[in-house]
Every structure is written in C-alpha cells, then in structure tokens.
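The file run.pdb contains PDB, C-alpha atoms, pLDDT in the B column:
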ATOM      1  CA  THR P   7     -92.298 223.048  32.541  1.00 49.00           C
ATOM      2  CA  SER P   8     -95.177 221.207  30.842  1.00 52.00           C
ATOM      3  CA  LEU P   9     -94.715 223.338  27.756  1.00 51.00           C
ATOM      4  CA  PHE P  10     -91.008 222.540  27.837  1.00 53.00           C
ATOM      5  CA  ARG P  11     -91.755 218.830  28.158  1.00 52.00           C
ATOM      6  CA  SER P  12     -94.290 218.900  25.326  1.00 52.00           C
ATOM      7  CA  CYS P  13     -91.720 220.647  23.139  1.00 52.00           C
ATOM      8  CA  LEU P  14     -89.225 217.960  24.089  1.00 50.00           C
ATOM      9  CA  LEU P  15     -91.705 215.197  23.299  1.00 51.00           C
ATOM     10  CA  MET P  16     -92.444 216.577  19.860  1.00 52.00           C
ATOM     11  CA  SER P  17     -88.806 217.055  18.949  1.00 50.00           C
ATOM     12  CA  ARG P  18     -86.719 214.238  17.542  1.00 48.00           C
ATOM     13  CA  VAL P  19     -83.666 216.438  16.989  1.00 47.00           C
ATOM     14  CA  PRO P  20     -80.668 215.590  19.165  1.00 48.00           C
ATOM     15  CA  LEU P  21     -79.530 218.158  21.669  1.00 47.00           C
ATOM     16  CA  TYR P  22     -75.977 217.878  20.343  1.00 46.00           C
ATOM     17  CA  PRO P  23     -75.075 216.635  16.871  1.00 48.00           C
ATOM     18  CA  ARG P  24     -73.836 213.070  16.755  1.00 49.00           C
ATOM     19  CA  SER P  25     -70.294 212.726  15.530  1.00 46.00           C
ATOM     20  CA  PRO P  26     -69.195 209.601  13.644  1.00 48.00           C
ATOM     21  CA  GLU P  27     -65.905 209.320  15.456  1.00 47.00           C
ATOM     22  CA  GLY P  28     -67.105 210.019  18.998  1.00 46.00           C
ATOM     23  CA  PRO P  29     -69.707 208.468  21.253  1.00 47.00           C
ATOM     24  CA  ALA P  30     -73.341 209.409  20.806  1.00 48.00           C
ATOM     25  CA  ARG P  31     -74.256 212.515  22.700  1.00 50.00           C
ATOM     26  CA  ILE P  32     -77.363 213.092  24.797  1.00 52.00           C
ATOM     27  CA  THR P  33     -80.616 213.460  22.802  1.00 55.00           C
ATOM     28  CA  TRP P  34     -83.677 215.425  23.831  1.00 50.00           C
ATOM     29  CA  HIS P  35     -85.481 212.261  24.813  1.00 54.00           C
ATOM     30  CA  GLU P  36     -82.655 211.150  27.057  1.00 56.00           C
ATOM     31  CA  ARG P  37     -82.639 214.586  28.593  1.00 54.00           C
ATOM     32  CA  LEU P  38     -86.381 214.291  29.168  1.00 52.00           C
ATOM     33  CA  SER P  39     -85.953 210.955  30.860  1.00 54.00           C
ATOM     34  CA  ARG P  40     -83.438 212.538  33.198  1.00 54.00           C
ATOM     35  CA  LEU P  41     -85.881 215.341  33.896  1.00 52.00           C
ATOM     36  CA  ASP P  42     -88.555 212.787  34.700  1.00 53.00           C
ATOM     37  CA  SER P  43     -86.222 210.885  37.001  1.00 51.00           C
ATOM     38  CA  GLY P  44     -85.322 214.093  38.824  1.00 51.00           C
ATOM     39  CA  SER P  45     -81.651 214.110  37.903  1.00 47.00           C
ATOM     40  CA  THR P  46     -80.018 216.467  35.437  1.00 47.00           C
ATOM     41  CA  ASN P  47     -76.578 214.900  35.461  1.00 49.00           C
ATOM     42  CA  PRO P  48     -76.046 211.142  35.015  1.00 48.00           C
ATOM     43  CA  ALA P  49     -72.968 211.314  37.253  1.00 49.00           C
ATOM     44  CA  THR P  50     -75.055 212.517  40.207  1.00 49.00           C
ATOM     45  CA  SER P  51     -77.579 209.636  40.097  1.00 46.00           C
ATOM     46  CA  ASP P  52     -77.659 207.239  42.991  1.00 52.00           C
ATOM     47  CA  SER P  53     -76.535 204.235  40.954  1.00 56.00           C
ATOM     48  CA  PHE P  54     -75.806 203.085  37.454  1.00 54.00           C
ATOM     49  CA  GLY P  55     -78.777 200.707  37.594  1.00 58.00           C
ATOM     50  CA  ASP P  56     -81.153 203.564  38.277  1.00 63.00           C
ATOM     51  CA  ARG P  57     -79.814 205.397  35.249  1.00 57.00           C
ATOM     52  CA  THR P  58     -80.148 202.406  32.941  1.00 60.00           C
ATOM     53  CA  ALA P  59     -83.638 201.699  34.242  1.00 62.00           C
ATOM     54  CA  SER P  60     -84.697 205.268  33.637  1.00 64.00           C
ATOM     55  CA  TRP P  61     -83.120 205.174  30.165  1.00 62.00           C
ATOM     56  CA  SER P  62     -84.864 201.941  29.308  1.00 69.00           C
ATOM     57  CA  SER P  63     -88.184 203.327  30.530  1.00 75.00           C
ATOM     58  CA  ALA P  64     -87.513 206.468  28.502  1.00 73.00           C
ATOM     59  CA  TYR P  65     -86.707 204.257  25.523  1.00 72.00           C
ATOM     60  CA  THR P  66     -89.976 202.367  26.007  1.00 78.00           C
ATOM     61  CA  ARG P  67     -91.933 205.617  26.283  1.00 81.00           C
ATOM     62  CA  ARG P  68     -90.183 206.903  23.162  1.00 77.00           C
ATOM     63  CA  GLU P  69     -91.021 203.737  21.244  1.00 81.00           C
ATOM     64  CA  ASN P  70     -94.673 204.051  22.311  1.00 80.00           C
ATOM     65  CA  ARG P  71     -94.749 207.685  21.208  1.00 81.00           C
ATOM     66  CA  LEU P  72     -93.148 206.864  17.863  1.00 80.00           C
ATOM     67  CA  ALA P  73     -95.606 204.026  17.307  1.00 77.00           C
ATOM     68  CA  SER P  74     -98.585 206.254  18.042  1.00 75.00           C
ATOM     69  CA  ARG P  75     -97.085 209.003  15.885  1.00 69.00           C
ATOM     70  CA  SER P  76     -96.470 206.617  12.992  1.00 62.00           C
ATOM     71  CA  SER P  77    -100.072 205.386  13.216  1.00 59.00           C
ATOM     72  CA  ARG P  78    -101.196 209.020  13.096  1.00 56.00           C
ATOM     73  CA  THR P  79     -99.055 209.716  10.067  1.00 53.00           C
ATOM     74  CA  GLU P  80    -100.403 206.581   8.383  1.00 50.00           C
ATOM     75  CA  ASP P  81    -103.940 207.869   9.051  1.00 48.00           C
ATOM     76  CA  ASP P  82    -103.103 211.335   7.793  1.00 53.00           C
ATOM     77  CA  GLY P  83    -101.117 210.010   4.858  1.00 51.00           C
ATOM     78  CA  ASP P  84     -97.813 211.395   3.791  1.00 56.00           C
ATOM     79  CA  LYS P  85     -98.244 215.139   3.991  1.00 70.00           C
ATOM     80  CA  ASP P  86     -96.278 217.145   1.570  1.00 86.00           C
ATOM     81  CA  TYR P  87     -95.542 220.146   3.729  1.00 89.00           C
ATOM     82  CA  LYS P  88     -94.055 222.093   0.847  1.00 88.00           C
ATOM     83  CA  LYS P  89     -97.245 221.589  -1.146  1.00 89.00           C
ATOM     84  CA  LEU P  90     -99.355 222.567   1.863  1.00 91.00           C
ATOM     85  CA  TYR P  91     -97.210 225.683   2.313  1.00 92.00           C
ATOM     86  CA  GLU P  92     -97.537 226.581  -1.361  1.00 91.00           C
ATOM     87  CA  ASN P  93    -101.314 226.042  -1.195  1.00 91.00           C
ATOM     88  CA  ALA P  94    -101.565 228.247   1.875  1.00 92.00           C
ATOM     89  CA  LEU P  95     -99.347 230.848   0.219  1.00 93.00           C
ATOM     90  CA  SER P  96    -101.450 230.885  -2.958  1.00 93.00           C
ATOM     91  CA  GLU P  97    -104.633 231.090  -0.901  1.00 93.00           C
ATOM     92  CA  ASN P  98    -103.162 234.024   1.038  1.00 94.00           C
ATOM     93  CA  GLU P  99    -102.250 235.754  -2.211  1.00 94.00           C
ATOM     94  CA  SER P 100    -105.739 235.251  -3.622  1.00 93.00           C
ATOM     95  CA  LEU P 101    -107.267 236.540  -0.416  1.00 94.00           C
ATOM     96  CA  LYS P 102    -104.947 239.557  -0.511  1.00 94.00           C
ATOM     97  CA  SER P 103    -105.951 240.297  -4.106  1.00 94.00           C
ATOM     98  CA  LYS P 104    -109.627 239.957  -3.166  1.00 94.00           C
ATOM     99  CA  LEU P 105    -109.020 242.317  -0.252  1.00 95.00           C
ATOM    100  CA  ARG P 106    -107.335 244.842  -2.554  1.00 95.00           C
ATOM    101  CA  GLU P 107    -110.241 244.584  -5.009  1.00 95.00           C
ATOM    102  CA  ALA P 108    -112.726 245.047  -2.186  1.00 95.00           C
ATOM    103  CA  GLN P 109    -110.804 248.088  -0.920  1.00 95.00           C
ATOM    104  CA  LEU P 110    -110.751 249.601  -4.421  1.00 95.00           C
ATOM    105  CA  GLU P 111    -114.459 248.922  -4.775  1.00 95.00           C
ATOM    106  CA  LEU P 112    -115.051 250.531  -1.400  1.00 95.00           C
ATOM    107  CA  VAL P 113    -113.134 253.645  -2.448  1.00 95.00           C
ATOM    108  CA  ASP P 114    -115.108 253.744  -5.712  1.00 95.00           C
ATOM    109  CA  ILE P 115    -118.402 253.412  -3.863  1.00 95.00           C
ATOM    110  CA  LYS P 116    -117.386 256.150  -1.419  1.00 95.00           C
ATOM    111  CA  THR P 117    -116.590 258.549  -4.271  1.00 94.00           C
ATOM    112  CA  LYS P 118    -119.887 257.709  -5.959  1.00 94.00           C
ATOM    113  CA  LEU P 119    -121.692 258.264  -2.679  1.00 93.00           C
ATOM    114  CA  GLU P 120    -119.994 261.645  -2.234  1.00 93.00           C
ATOM    115  CA  LYS P 121    -120.986 262.634  -5.772  1.00 92.00           C
ATOM    116  CA  VAL P 122    -124.582 261.614  -5.146  1.00 90.00           C
ATOM    117  CA  ALA P 123    -124.578 263.535  -1.872  1.00 89.00           C
ATOM    118  CA  GLN P 124    -123.221 266.618  -3.656  1.00 88.00           C
ATOM    119  CA  LYS P 125    -125.869 266.264  -6.381  1.00 85.00           C
ATOM    120  CA  GLN P 126    -128.543 265.990  -3.725  1.00 83.00           C
ATOM    121  CA  GLU P 127    -127.139 269.072  -2.028  1.00 82.00           C
ATOM    122  CA  ARG P 128    -127.189 270.903  -5.319  1.00 81.00           C
ATOM    123  CA  SER P 129    -130.663 269.689  -6.128  1.00 79.00           C
ATOM    124  CA  SER P 130    -131.844 270.595  -2.645  1.00 78.00           C
ATOM    125  CA  ASP P 131    -130.109 273.945  -3.090  1.00 80.00           C
ATOM    126  CA  ARG P 132    -131.762 274.246  -6.465  1.00 79.00           C
ATOM    127  CA  SER P 133    -135.117 273.291  -5.039  1.00 80.00           C
ATOM    128  CA  THR P 134    -134.715 275.790  -2.236  1.00 83.00           C
ATOM    129  CA  MET P 135    -133.584 278.368  -4.805  1.00 83.00           C
ATOM    130  CA  LEU P 136    -136.582 277.522  -6.977  1.00 84.00           C
ATOM    131  CA  GLU P 137    -138.812 277.803  -3.955  1.00 87.00           C
ATOM    132  CA  ILE P 138    -137.296 281.168  -3.036  1.00 89.00           C
ATOM    133  CA  GLU P 139    -137.598 282.341  -6.643  1.00 91.00           C
ATOM    134  CA  LYS P 140    -141.232 281.254  -6.731  1.00 91.00           C
ATOM    135  CA  ARG P 141    -141.936 283.191  -3.546  1.00 93.00           C
ATOM    136  CA  GLU P 142    -140.168 286.247  -4.960  1.00 93.00           C
ATOM    137  CA  LYS P 143    -142.098 285.885  -8.219  1.00 93.00           C
ATOM    138  CA  ARG P 144    -145.407 285.699  -6.341  1.00 94.00           C
ATOM    139  CA  ALA P 145    -144.422 288.733  -4.295  1.00 94.00           C
ATOM    140  CA  LEU P 146    -143.470 290.638  -7.463  1.00 93.00           C
ATOM    141  CA  GLU P 147    -146.709 289.629  -9.167  1.00 94.00           C
ATOM    142  CA  ARG P 148    -148.675 290.871  -6.165  1.00 94.00           C
ATOM    143  CA  LYS P 149    -146.723 294.101  -6.179  1.00 94.00           C
ATOM    144  CA  MET P 150    -147.275 294.455  -9.924  1.00 93.00           C
ATOM    145  CA  SER P 151    -151.013 293.935  -9.593  1.00 94.00           C
ATOM    146  CA  GLU P 152    -151.071 296.491  -6.755  1.00 94.00           C
ATOM    147  CA  MET P 153    -149.151 298.963  -8.912  1.00 94.00           C
ATOM    148  CA  GLU P 154    -151.506 298.355 -11.862  1.00 93.00           C
ATOM    149  CA  GLU P 155    -154.394 299.207  -9.598  1.00 94.00           C
ATOM    150  CA  GLU P 156    -152.563 302.286  -8.407  1.00 93.00           C
ATOM    151  CA  VAL P 157    -151.989 303.279 -12.060  1.00 93.00           C
ATOM    152  CA  LYS P 158    -155.715 302.869 -12.691  1.00 93.00           C
ATOM    153  CA  VAL P 159    -156.469 304.994  -9.662  1.00 93.00           C
ATOM    154  CA  LEU P 160    -153.905 307.570 -10.828  1.00 93.00           C
ATOM    155  CA  THR P 161    -155.449 307.746 -14.301  1.00 92.00           C
ATOM    156  CA  ASP P 162    -158.848 308.141 -12.703  1.00 92.00           C
ATOM    157  CA  LEU P 163    -157.456 310.856 -10.449  1.00 93.00           C
ATOM    158  CA  LYS P 164    -155.810 312.595 -13.411  1.00 93.00           C
ATOM    159  CA  SER P 165    -159.039 312.551 -15.356  1.00 92.00           C
ATOM    160  CA  ASP P 166    -160.903 313.823 -12.290  1.00 93.00           C
ATOM    161  CA  ASN P 167    -158.222 316.481 -11.808  1.00 94.00           C
ATOM    162  CA  GLN P 168    -158.496 317.560 -15.464  1.00 94.00           C
ATOM    163  CA  ARG P 169    -162.272 317.669 -15.199  1.00 94.00           C
ATOM    164  CA  LEU P 170    -162.023 319.771 -12.061  1.00 94.00           C
ATOM    165  CA  LYS P 171    -159.546 322.151 -13.776  1.00 94.00           C
ATOM    166  CA  ASP P 172    -161.939 322.523 -16.692  1.00 94.00           C
ATOM    167  CA  GLU P 173    -164.846 323.193 -14.351  1.00 93.00           C
ATOM    168  CA  ASN P 174    -162.733 325.663 -12.393  1.00 93.00           C
ATOM    169  CA  GLY P 175    -161.814 327.500 -15.596  1.00 93.00           C
ATOM    170  CA  ALA P 176    -165.484 327.624 -16.610  1.00 92.00           C
ATOM    171  CA  LEU P 177    -166.473 328.959 -13.226  1.00 92.00           C
ATOM    172  CA  ILE P 178    -163.783 331.622 -13.388  1.00 93.00           C
ATOM    173  CA  ARG P 179    -165.151 332.761 -16.795  1.00 92.00           C
ATOM    174  CA  VAL P 180    -168.671 332.837 -15.516  1.00 92.00           C
ATOM    175  CA  ILE P 181    -167.641 334.864 -12.479  1.00 92.00           C
ATOM    176  CA  SER P 182    -165.619 337.249 -14.599  1.00 91.00           C
ATOM    177  CA  LYS P 183    -168.613 337.778 -16.949  1.00 90.00           C
ATOM    178  CA  LEU P 184    -170.895 338.411 -14.019  1.00 90.00           C
ATOM    179  CA  SER P 185    -168.549 340.844 -12.455  1.00 88.00           C
ATOM    180  CA  LYS P 186    -168.357 342.981 -15.586  1.00 79.00           C
TER     181      LYS P 186
END

Give the structure from this file in structure tokens form.
Amino acid sequence: TSLFRSCLLMSRVPLYPRSPEGPARITWHERLSRLDSGSTNPATSDSFGDRTASWSSAYTRRENRLASRSSRTEDDGDKDYKKLYENALSENESLKSKLREAQLELVDIKTKLEKVAQKQERSSDRSTMLEIEKREKRALERKMSEMEEEVKVLTDLKSDNQRLKDENGALIRVISKLSK
C-alpha cells in the first residue's frame, strides 16, 4: 500500500476527467485522503463534518507537497524533459556505436590472433621438421661415412684378393714345374 500511496502522491492527474458541464469528480489526492481517513466511500462516513475535515486536511497536505515540489523545481530549474530524453538517446546511440566498433575490433583481433597461432604452429611444425631433417641428415652422414670406410675396406680386400690370386697362380706354376 505504501507504493500505491507514493504513486498517488506523485500523481497530479485526476482519477476521472473533469467535465465542464458537470461537477468536479474525485481526484487522486481526494481519494488518498479518503484512504488515510479509512473510508473509501464518502457516503459511508460517519458525518459530513468528518468528510470536510479530512478533505481540508488533505488539501493542506496537498498544498504543502506542492510547495515543497515547487521549491524543488525552482532549485532544479525548468527541466526540458524532451531535451534530456534526446540527450540520453544520443548518448545511447553513441555508446551503441562504440560497442559495435569494439565488437568489430574484437573480431579483428581474434582473427589476427588465430593467424598468429597458425603461423606459430607452422613455424613450430617447420622447426620440428627442420629438427627431424637435421637428425636424418646426421644419420645419413654417419651412414655415408660408414659406407665410405666399408668401400675402403672392400678395395683393400679386393687388392688383397687379387694379390692372393696372383700368388696362388705363381705357386701353381712352381708346383707344376717341380712335378715335371
């Protein structure tokens, strides 16, 4: 109910529109005064004097509220609510454009980061490939040096084999001469 009452206090709009030909209808403030007095229907009040007293006290309270409100508005100055709304709207639009720019920049940075990560992967792949190739090259060089040594040994063995064949042929001739 306090929220309802505060809404009623802040409102100056009549509950029913006033018609020029008919009597004035009940306003929000009059309705509030009836709520404060505990009666919702003026016909059910105890007496007419009670109603007029409550209305006059409501009128006094209303005048006090209006006076305090007018002093507040004098302190605040005349606020141009349309201008304030337009300022807020333009500020919102600028903030939205800044947000869009920031989002685009974020997307751009993410793509750049992905590209850098891919380059690093490639370079790390390249470095691992280079490392593997270096190991293979070292292994091949070792194998090549081993094979060169084997070739040297083979040439030595061939020369030894040829020498032994020549000696064997000479021995066969000597034995054949001796046997004759």

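One finds atom CA of P:Leu146 at 24.8 Å from atom CA of P:Leu163.
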
**Complete:** atom CA of P:Leu101 to atom CA of P:Lys89 measures 18.0 Å

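We find atom CA of P:Lys121 and atom CA of P:Arg106 to be spaced 22.7 Å apart.
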
Centre and size of axis-aligned box enclosing stretch 64-73 of chain P plus 4 Å each side, as JSON:
{"center_x": -91.2, "center_y": 205.0, "center_z": 22.9, "size_x": 16.9, "size_y": 13.3, "size_z": 19.2}
